[in-house]
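Text of final-v3.cif (mmCIF, N, CA and C atoms) as supplied:
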```
data_upload
loop_
_atom_site.label_atom_id
_atom_site.label_comp_id
_atom_site.auth_asym_id
_atom_site.auth_seq_id
_atom_site.Cartn_x
_atom_site.Cartn_y
_atom_site.Cartn_z
N MET A 15 -108.84 -99.11 55.79
CA MET A 15 -109.98 -99.00 54.91
C MET A 15 -111.04 -100.00 55.36
N GLU A 16 -112.24 -99.54 55.52
CA GLU A 16 -113.34 -100.38 55.99
C GLU A 16 -113.90 -101.23 54.85
N GLN A 17 -114.11 -102.51 55.13
CA GLN A 17 -114.66 -103.44 54.14
C GLN A 17 -116.17 -103.47 54.30
N THR A 18 -116.92 -103.14 53.24
CA THR A 18 -118.37 -103.08 53.33
C THR A 18 -119.06 -104.31 52.74
N SER A 19 -118.32 -105.10 51.96
CA SER A 19 -118.91 -106.30 51.37
C SER A 19 -117.94 -107.46 51.55
N PRO A 20 -118.43 -108.68 51.39
CA PRO A 20 -117.54 -109.83 51.56
C PRO A 20 -116.37 -109.78 50.57
N VAL A 21 -115.24 -110.22 51.02
CA VAL A 21 -114.05 -110.27 50.18
C VAL A 21 -114.20 -111.40 49.17
N LYS A 22 -113.92 -111.10 47.91
CA LYS A 22 -113.95 -112.13 46.86
C LYS A 22 -112.56 -112.75 46.77
N LEU A 23 -112.45 -114.00 47.14
CA LEU A 23 -111.17 -114.69 47.04
C LEU A 23 -110.99 -115.23 45.63
N LEU A 24 -109.80 -115.08 45.12
CA LEU A 24 -109.49 -115.56 43.77
C LEU A 24 -109.00 -117.00 43.84
N PRO A 25 -109.13 -117.74 42.74
CA PRO A 25 -108.60 -119.11 42.72
C PRO A 25 -107.09 -119.07 42.96
N LEU A 26 -106.58 -120.07 43.64
CA LEU A 26 -105.15 -120.15 43.89
C LEU A 26 -104.46 -120.59 42.60
N CYS A 27 -103.87 -119.63 41.92
CA CYS A 27 -103.31 -119.93 40.60
C CYS A 27 -102.17 -120.93 40.68
N SER A 28 -101.47 -121.00 41.79
CA SER A 28 -100.38 -121.97 41.90
C SER A 28 -100.91 -123.40 41.93
N LYS A 29 -102.13 -123.58 42.38
CA LYS A 29 -102.73 -124.92 42.44
C LYS A 29 -103.59 -125.23 41.21
N GLU A 30 -104.11 -124.19 40.55
CA GLU A 30 -105.11 -124.40 39.51
C GLU A 30 -104.72 -123.84 38.14
N ALA A 31 -103.46 -123.60 37.90
CA ALA A 31 -103.04 -122.92 36.66
C ALA A 31 -103.54 -123.59 35.40
N GLU A 32 -103.56 -124.92 35.37
CA GLU A 32 -103.99 -125.63 34.16
C GLU A 32 -105.45 -125.35 33.81
N ASN A 33 -106.23 -124.91 34.79
CA ASN A 33 -107.64 -124.61 34.58
C ASN A 33 -107.93 -123.13 34.43
N LEU A 34 -106.88 -122.32 34.42
CA LEU A 34 -107.06 -120.87 34.42
C LEU A 34 -106.43 -120.22 33.19
N ASP A 35 -107.04 -119.13 32.79
CA ASP A 35 -106.49 -118.27 31.75
C ASP A 35 -105.75 -117.16 32.50
N ILE A 36 -104.43 -117.28 32.57
CA ILE A 36 -103.61 -116.37 33.36
C ILE A 36 -103.32 -115.10 32.56
N ILE A 37 -103.49 -113.96 33.22
CA ILE A 37 -103.28 -112.65 32.59
C ILE A 37 -102.08 -111.99 33.25
N LEU A 38 -101.11 -111.62 32.43
CA LEU A 38 -99.94 -110.87 32.89
C LEU A 38 -100.01 -109.51 32.23
N ALA A 39 -100.13 -108.46 33.05
CA ALA A 39 -100.38 -107.13 32.50
C ALA A 39 -99.37 -106.11 32.96
N CYS A 40 -99.08 -105.19 32.06
CA CYS A 40 -98.30 -104.01 32.38
C CYS A 40 -99.05 -103.20 33.42
N ASP A 41 -98.31 -102.59 34.32
CA ASP A 41 -98.89 -101.67 35.29
C ASP A 41 -98.01 -100.43 35.36
N GLY A 42 -97.53 -100.02 34.19
CA GLY A 42 -96.59 -98.91 34.10
C GLY A 42 -97.18 -97.59 34.55
N ALA A 43 -96.31 -96.63 34.81
CA ALA A 43 -96.69 -95.33 35.36
C ALA A 43 -97.07 -94.35 34.27
N ALA A 44 -98.01 -94.76 33.44
CA ALA A 44 -98.58 -93.91 32.39
C ALA A 44 -100.00 -94.42 32.14
N SER A 45 -100.75 -93.66 31.39
CA SER A 45 -102.15 -94.01 31.13
C SER A 45 -102.30 -95.43 30.60
N VAL A 46 -101.46 -95.83 29.65
CA VAL A 46 -101.62 -97.15 29.03
C VAL A 46 -101.32 -98.29 30.01
N GLY A 47 -100.37 -98.10 30.90
CA GLY A 47 -100.08 -99.11 31.92
C GLY A 47 -101.23 -99.26 32.89
N GLN A 48 -101.84 -98.15 33.24
CA GLN A 48 -102.97 -98.19 34.16
C GLN A 48 -104.19 -98.83 33.51
N VAL A 49 -104.38 -98.58 32.22
CA VAL A 49 -105.46 -99.25 31.49
C VAL A 49 -105.19 -100.75 31.45
N GLY A 50 -103.95 -101.15 31.16
CA GLY A 50 -103.61 -102.58 31.14
C GLY A 50 -103.93 -103.26 32.45
N HIS A 51 -103.54 -102.64 33.55
CA HIS A 51 -103.83 -103.19 34.88
C HIS A 51 -105.34 -103.28 35.10
N ALA A 52 -106.05 -102.21 34.78
CA ALA A 52 -107.51 -102.20 34.99
C ALA A 52 -108.21 -103.25 34.13
N VAL A 53 -107.73 -103.49 32.91
CA VAL A 53 -108.30 -104.54 32.07
C VAL A 53 -108.09 -105.90 32.73
N ALA A 54 -106.91 -106.15 33.27
CA ALA A 54 -106.64 -107.43 33.95
C ALA A 54 -107.57 -107.61 35.15
N VAL A 55 -107.79 -106.56 35.90
CA VAL A 55 -108.70 -106.62 37.04
C VAL A 55 -110.12 -106.91 36.56
N GLU A 56 -110.56 -106.18 35.54
CA GLU A 56 -111.91 -106.37 34.98
C GLU A 56 -112.12 -107.82 34.52
N LEU A 57 -111.16 -108.36 33.79
CA LEU A 57 -111.28 -109.74 33.31
C LEU A 57 -111.29 -110.73 34.47
N THR A 58 -110.45 -110.50 35.46
CA THR A 58 -110.40 -111.38 36.63
C THR A 58 -111.74 -111.37 37.37
N ASN A 59 -112.36 -110.20 37.44
CA ASN A 59 -113.63 -110.07 38.16
C ASN A 59 -114.84 -110.54 37.37
N THR A 60 -114.75 -110.63 36.04
CA THR A 60 -115.94 -110.92 35.25
C THR A 60 -115.90 -112.24 34.48
N VAL A 61 -114.72 -112.79 34.27
CA VAL A 61 -114.59 -114.04 33.52
C VAL A 61 -114.11 -115.12 34.49
N GLU A 62 -114.94 -116.11 34.71
CA GLU A 62 -114.65 -117.11 35.74
C GLU A 62 -113.30 -117.79 35.57
N SER A 63 -112.88 -118.04 34.35
CA SER A 63 -111.61 -118.75 34.12
C SER A 63 -110.39 -117.83 34.15
N ALA A 64 -110.61 -116.52 34.15
CA ALA A 64 -109.50 -115.56 34.06
C ALA A 64 -108.95 -115.23 35.45
N ARG A 65 -107.62 -115.12 35.51
CA ARG A 65 -106.97 -114.79 36.79
C ARG A 65 -105.68 -114.03 36.50
N MET A 66 -105.62 -112.79 36.97
CA MET A 66 -104.39 -112.04 36.79
C MET A 66 -103.32 -112.59 37.72
N CYS A 67 -102.09 -112.47 37.30
CA CYS A 67 -100.94 -112.94 38.07
C CYS A 67 -99.88 -111.85 37.99
N CYS A 68 -98.85 -111.96 38.78
CA CYS A 68 -97.85 -110.91 38.92
C CYS A 68 -96.72 -111.05 37.91
N ILE A 69 -96.69 -110.15 36.92
CA ILE A 69 -95.63 -110.16 35.92
C ILE A 69 -94.28 -109.83 36.55
N THR A 70 -94.27 -109.03 37.61
CA THR A 70 -93.02 -108.68 38.27
C THR A 70 -92.39 -109.92 38.90
N ALA A 71 -93.20 -110.78 39.50
CA ALA A 71 -92.67 -112.02 40.09
C ALA A 71 -92.13 -112.95 39.01
N VAL A 72 -92.78 -112.97 37.85
CA VAL A 72 -92.26 -113.77 36.73
C VAL A 72 -90.92 -113.19 36.28
N ALA A 73 -90.84 -111.87 36.15
CA ALA A 73 -89.59 -111.23 35.74
C ALA A 73 -88.47 -111.48 36.74
N ALA A 74 -88.82 -111.56 38.02
CA ALA A 74 -87.84 -111.84 39.07
C ALA A 74 -87.49 -113.32 39.13
N GLU A 75 -88.12 -114.10 38.25
CA GLU A 75 -87.89 -115.54 38.15
C GLU A 75 -88.26 -116.30 39.42
N SER A 76 -89.32 -115.83 40.07
CA SER A 76 -89.90 -116.59 41.18
C SER A 76 -90.35 -117.94 40.61
N LYS A 77 -89.81 -119.01 41.16
CA LYS A 77 -90.09 -120.34 40.63
C LYS A 77 -91.60 -120.60 40.55
N ALA A 78 -92.31 -120.25 41.60
CA ALA A 78 -93.75 -120.50 41.64
C ALA A 78 -94.48 -119.75 40.52
N HIS A 79 -94.09 -118.50 40.29
CA HIS A 79 -94.78 -117.68 39.28
C HIS A 79 -94.40 -118.07 37.86
N VAL A 80 -93.15 -118.42 37.64
CA VAL A 80 -92.74 -118.91 36.33
C VAL A 80 -93.49 -120.20 36.02
N ASP A 81 -93.64 -121.05 37.03
CA ASP A 81 -94.38 -122.31 36.87
C ASP A 81 -95.84 -122.04 36.52
N ILE A 82 -96.45 -121.08 37.16
CA ILE A 82 -97.84 -120.72 36.86
C ILE A 82 -97.95 -120.30 35.38
N ALA A 83 -97.04 -119.45 34.93
CA ALA A 83 -97.06 -118.99 33.54
C ALA A 83 -96.90 -120.16 32.57
N ARG A 84 -96.03 -121.09 32.90
CA ARG A 84 -95.80 -122.24 32.02
C ARG A 84 -97.00 -123.20 32.00
N ARG A 85 -97.72 -123.31 33.10
CA ARG A 85 -98.80 -124.28 33.22
C ARG A 85 -100.17 -123.72 32.86
N ALA A 86 -100.29 -122.42 32.66
CA ALA A 86 -101.59 -121.79 32.39
C ALA A 86 -102.29 -122.45 31.21
N ARG A 87 -103.61 -122.56 31.35
CA ARG A 87 -104.41 -123.07 30.24
C ARG A 87 -104.23 -122.17 29.02
N LYS A 88 -104.39 -120.86 29.23
CA LYS A 88 -104.09 -119.84 28.23
C LYS A 88 -103.30 -118.76 28.97
N LEU A 89 -102.33 -118.17 28.28
CA LEU A 89 -101.53 -117.10 28.86
C LEU A 89 -101.76 -115.84 28.03
N ILE A 90 -102.37 -114.83 28.66
CA ILE A 90 -102.73 -113.59 28.00
C ILE A 90 -101.78 -112.50 28.49
N VAL A 91 -101.17 -111.78 27.56
CA VAL A 91 -100.22 -110.72 27.91
C VAL A 91 -100.80 -109.38 27.47
N ILE A 92 -100.85 -108.44 28.41
CA ILE A 92 -101.34 -107.10 28.13
C ILE A 92 -100.18 -106.14 28.34
N ASN A 93 -99.65 -105.61 27.24
CA ASN A 93 -98.58 -104.62 27.29
C ASN A 93 -99.20 -103.23 27.25
N GLY A 94 -98.57 -102.28 27.93
CA GLY A 94 -99.07 -100.92 27.88
C GLY A 94 -98.70 -100.22 26.58
N CYS A 95 -97.43 -100.33 26.20
CA CYS A 95 -96.95 -99.58 25.04
C CYS A 95 -96.09 -100.46 24.14
N ALA A 96 -95.54 -99.84 23.13
CA ALA A 96 -94.74 -100.56 22.13
C ALA A 96 -93.45 -101.15 22.70
N ASN A 97 -93.07 -100.79 23.91
CA ASN A 97 -91.90 -101.43 24.53
C ASN A 97 -92.14 -102.92 24.79
N ARG A 98 -93.39 -103.32 24.96
CA ARG A 98 -93.79 -104.72 25.14
C ARG A 98 -93.04 -105.40 26.29
N CYS A 99 -92.89 -104.72 27.40
CA CYS A 99 -92.11 -105.25 28.52
C CYS A 99 -92.64 -106.59 29.03
N ALA A 100 -93.94 -106.71 29.19
CA ALA A 100 -94.51 -107.96 29.71
C ALA A 100 -94.21 -109.13 28.76
N SER A 101 -94.38 -108.91 27.47
CA SER A 101 -94.09 -109.96 26.49
C SER A 101 -92.60 -110.31 26.50
N LYS A 102 -91.75 -109.32 26.61
CA LYS A 102 -90.30 -109.55 26.60
C LYS A 102 -89.86 -110.38 27.80
N VAL A 103 -90.50 -110.20 28.94
CA VAL A 103 -90.19 -111.03 30.12
C VAL A 103 -90.41 -112.49 29.77
N LEU A 104 -91.57 -112.79 29.18
CA LEU A 104 -91.89 -114.18 28.83
C LEU A 104 -90.97 -114.70 27.74
N GLU A 105 -90.69 -113.89 26.75
CA GLU A 105 -89.81 -114.31 25.65
C GLU A 105 -88.41 -114.62 26.18
N ARG A 106 -87.90 -113.81 27.09
CA ARG A 106 -86.58 -114.03 27.69
C ARG A 106 -86.52 -115.37 28.42
N LEU A 107 -87.64 -115.75 29.03
CA LEU A 107 -87.71 -117.02 29.78
C LEU A 107 -88.15 -118.19 28.91
N GLY A 108 -88.43 -117.94 27.64
CA GLY A 108 -88.86 -119.01 26.74
C GLY A 108 -90.25 -119.53 27.04
N ILE A 109 -91.11 -118.66 27.55
CA ILE A 109 -92.49 -119.05 27.88
C ILE A 109 -93.41 -118.54 26.77
N PRO A 110 -94.04 -119.46 26.04
CA PRO A 110 -94.96 -119.02 24.98
C PRO A 110 -96.26 -118.48 25.56
N TYR A 111 -96.85 -117.52 24.88
CA TYR A 111 -98.14 -116.99 25.32
C TYR A 111 -99.17 -117.21 24.23
N THR A 112 -100.42 -117.24 24.65
CA THR A 112 -101.54 -117.50 23.75
C THR A 112 -101.96 -116.24 23.01
N TYR A 113 -101.92 -115.11 23.69
CA TYR A 113 -102.49 -113.87 23.16
C TYR A 113 -101.70 -112.69 23.69
N GLU A 114 -101.51 -111.70 22.84
CA GLU A 114 -100.80 -110.48 23.23
C GLU A 114 -101.57 -109.28 22.69
N THR A 115 -101.64 -108.23 23.51
CA THR A 115 -102.18 -106.96 23.04
C THR A 115 -101.29 -105.84 23.57
N VAL A 116 -101.36 -104.71 22.88
CA VAL A 116 -100.61 -103.52 23.28
C VAL A 116 -101.64 -102.39 23.39
N ILE A 117 -101.83 -101.90 24.60
CA ILE A 117 -102.87 -100.89 24.86
C ILE A 117 -102.71 -99.66 23.97
N SER A 118 -101.48 -99.21 23.74
CA SER A 118 -101.28 -98.01 22.92
C SER A 118 -101.66 -98.23 21.45
N LYS A 119 -101.82 -99.49 21.05
CA LYS A 119 -102.30 -99.79 19.69
C LYS A 119 -103.80 -100.04 19.66
N GLU A 120 -104.44 -99.88 20.81
CA GLU A 120 -105.89 -100.09 20.94
C GLU A 120 -106.63 -98.76 21.04
N GLY A 121 -106.00 -97.69 20.57
CA GLY A 121 -106.67 -96.38 20.57
C GLY A 121 -106.53 -95.61 21.86
N VAL A 122 -105.58 -95.97 22.70
CA VAL A 122 -105.34 -95.24 23.95
C VAL A 122 -103.98 -94.55 23.83
N ASP A 123 -103.97 -93.26 24.02
CA ASP A 123 -102.72 -92.50 23.95
C ASP A 123 -101.90 -92.71 25.22
N LYS A 124 -100.59 -92.88 25.05
CA LYS A 124 -99.68 -92.98 26.19
C LYS A 124 -99.40 -91.57 26.69
N VAL A 125 -99.89 -91.28 27.90
CA VAL A 125 -99.76 -89.97 28.50
C VAL A 125 -99.20 -90.15 29.90
N PRO A 126 -98.32 -89.28 30.36
CA PRO A 126 -97.75 -89.42 31.70
C PRO A 126 -98.76 -89.03 32.79
N THR A 127 -99.75 -89.87 32.95
CA THR A 127 -100.79 -89.68 33.95
C THR A 127 -101.27 -91.04 34.43
N LEU A 128 -101.85 -91.06 35.61
CA LEU A 128 -102.45 -92.29 36.11
C LEU A 128 -103.95 -92.32 35.84
N ASP A 129 -104.47 -91.27 35.23
CA ASP A 129 -105.88 -91.19 34.89
C ASP A 129 -106.15 -91.92 33.57
N PHE A 130 -107.34 -92.49 33.47
CA PHE A 130 -107.72 -93.18 32.24
C PHE A 130 -109.23 -93.24 32.16
N ASP A 131 -109.72 -93.60 30.98
CA ASP A 131 -111.15 -93.67 30.70
C ASP A 131 -111.63 -95.10 30.92
N GLU A 132 -112.60 -95.28 31.77
CA GLU A 132 -113.16 -96.61 32.05
C GLU A 132 -113.76 -97.24 30.80
N GLU A 133 -114.21 -96.43 29.85
CA GLU A 133 -114.74 -96.98 28.61
C GLU A 133 -113.66 -97.71 27.83
N ASP A 134 -112.43 -97.19 27.85
CA ASP A 134 -111.31 -97.91 27.22
C ASP A 134 -111.10 -99.27 27.87
N VAL A 135 -111.19 -99.29 29.19
CA VAL A 135 -111.02 -100.56 29.92
C VAL A 135 -112.10 -101.55 29.50
N SER A 136 -113.34 -101.13 29.50
CA SER A 136 -114.45 -102.02 29.12
C SER A 136 -114.32 -102.50 27.69
N ARG A 137 -113.98 -101.60 26.78
CA ARG A 137 -113.85 -101.94 25.36
C ARG A 137 -112.75 -102.98 25.14
N ILE A 138 -111.60 -102.77 25.74
CA ILE A 138 -110.47 -103.68 25.55
C ILE A 138 -110.73 -105.01 26.25
N ALA A 139 -111.35 -104.98 27.41
CA ALA A 139 -111.70 -106.23 28.11
C ALA A 139 -112.67 -107.05 27.26
N ARG A 140 -113.66 -106.40 26.65
CA ARG A 140 -114.60 -107.11 25.77
C ARG A 140 -113.88 -107.73 24.59
N LYS A 141 -112.95 -106.99 24.01
CA LYS A 141 -112.20 -107.49 22.85
C LYS A 141 -111.41 -108.74 23.24
N ILE A 142 -110.72 -108.71 24.36
CA ILE A 142 -109.93 -109.87 24.80
C ILE A 142 -110.86 -111.04 25.09
N THR A 143 -111.98 -110.77 25.73
CA THR A 143 -112.95 -111.83 26.01
C THR A 143 -113.42 -112.47 24.72
N ASP A 144 -113.79 -111.66 23.75
CA ASP A 144 -114.29 -112.19 22.47
C ASP A 144 -113.21 -112.94 21.68
N GLU A 145 -112.00 -112.40 21.67
CA GLU A 145 -110.94 -112.96 20.83
C GLU A 145 -110.25 -114.19 21.43
N VAL A 146 -110.22 -114.30 22.76
CA VAL A 146 -109.44 -115.40 23.33
C VAL A 146 -110.14 -116.14 24.47
N LEU A 147 -110.81 -115.44 25.34
CA LEU A 147 -111.36 -116.10 26.53
C LEU A 147 -112.61 -116.90 26.24
N ASN A 148 -113.38 -116.50 25.25
CA ASN A 148 -114.59 -117.24 24.89
C ASN A 148 -114.32 -118.33 23.85
N GLN A 149 -113.08 -118.54 23.49
CA GLN A 149 -112.73 -119.54 22.48
C GLN A 149 -112.53 -120.91 23.14
#
```
Spit out the file's structure as structure tokens when you get a sec.
Amino acid sequence: MEQTSPVKLLPLCSKEAENLDIILACDGAASVGQVGHAVAVELTNTVESARMCCITAVAAESKAHVDIARRARKLIVINGCANRCASKVLERLGIPYTYETVISKEGVDKVPTLDFDEEDVSRIARKITDEVLNQ
């Protein structure tokens, strides 16, 4: 894939976690998981303090990633559906989070598709920004 613009490098969360609002998001294989992932990307790209991190690495108990989650200035969890998998990973490891949302409770239907409405992404990203990131 050809790169047409400069690559935007993200802050190194392993070095700067205390200064970052770390986002751990569902990326499940349904509409709500894809919205959760897209919201995390949107927040990472638009809010200077926000940085998505890998929930799978935390679940695998990667020492570096568990440490990032523990040291985050704020820890934001975006679950796709009522299963709350991302939150349960943190709860199992005894890692408290600052904020939790469930995409399927935000007016997005869980459908077995990878397609989603960008307006849902923008709306939910704004809500998270207003409720937690701007505080």
Point-to-point distance from CA of Ile69 in chain A to CA of Leu38 in chain A, Å rounded to tenths
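CA of Ile69 in chain A sits 5.3 Å away from CA of Leu38 in chain A.
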Sel. within 12 Å of pt (-92.6, -105.5, 28.2), counting only C-alpha atoms, output as a count of residues only:
31
Could you tell me, as a count of residues only, which residues of range 22-140 of chain A DSSP assigns to helix (DSSP H, G or I) when given the backbone?
57
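Minimum atom-to-atom distances from A:Ala31, A:Gln48, A:Leu26, A:Asn59 to Thr127 in chain A were compared using only C-alpha atoms, and the lowest value belongs to A:Gln48.
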For the provided coordinates, the residues matched by the PyMOL selection byres ((chain A and resi 36) around 7) should be stated as a PyMOL selection string.
chain A and resi 31+34-35+37-38+63-67+86-91
Which residue gives the smallest distance to Glu32 in chain A among A:Cys68, A:Ser45, A:Arg85, A:Ala74, with all atoms listed in the file counted?
A:Arg85
When DSSP is applied to the backbone of this structure, which of chain A are assigned strand (DSSP E or B)? Write them out as a list in words.
Asp35, Ile36, Ile37, Leu38, Ala39, Ala64, Arg65, Met66, Cys67, Lys88, Leu89, Ile90, Val91, Ile92, Asn93, Tyr113, Glu114, Thr115 and Val116 of chain A
Interatomic distance (Å, one decimal) between CA of Ala78 in chain A and CA of Val61 in chain A
23.3 Å
Size and centre in Å, one decimal, axis-aligned box, all listed range 24-28 of chain A atoms plus 6 Å per side, as JSON:
```
{"center_x": -105.1, "center_y": -119.2, "center_z": 42.9, "size_x": 21.4, "size_y": 20.3, "size_z": 16.5}
```
Interatomic distance, atom N of Glu120 in chain A to atom C of Val55 in chain A (Å, one decimal)
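Taking atom N of Glu120 in chain A and atom C of Val55 in chain A, their separation equals 18.2 Å.
Using only C-alpha atoms, the smallest distance between any of A:Arg84, A:His79, A:Lys29, A:His51 and Ile138 in chain A comes from A:His51.
Considering only C-alpha atoms, the residue among A:Gln149, A:Val122, A:Glu56, A:Asn33 positioned nearest to Ser136 in chain A is A:Glu56.
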Measuring between all atoms listed in the file, which one of A:Ala83, A:Arg140, A:Pro110, A:Asp134 shows the shortest distance to Val49 in chain A?
A:Asp134
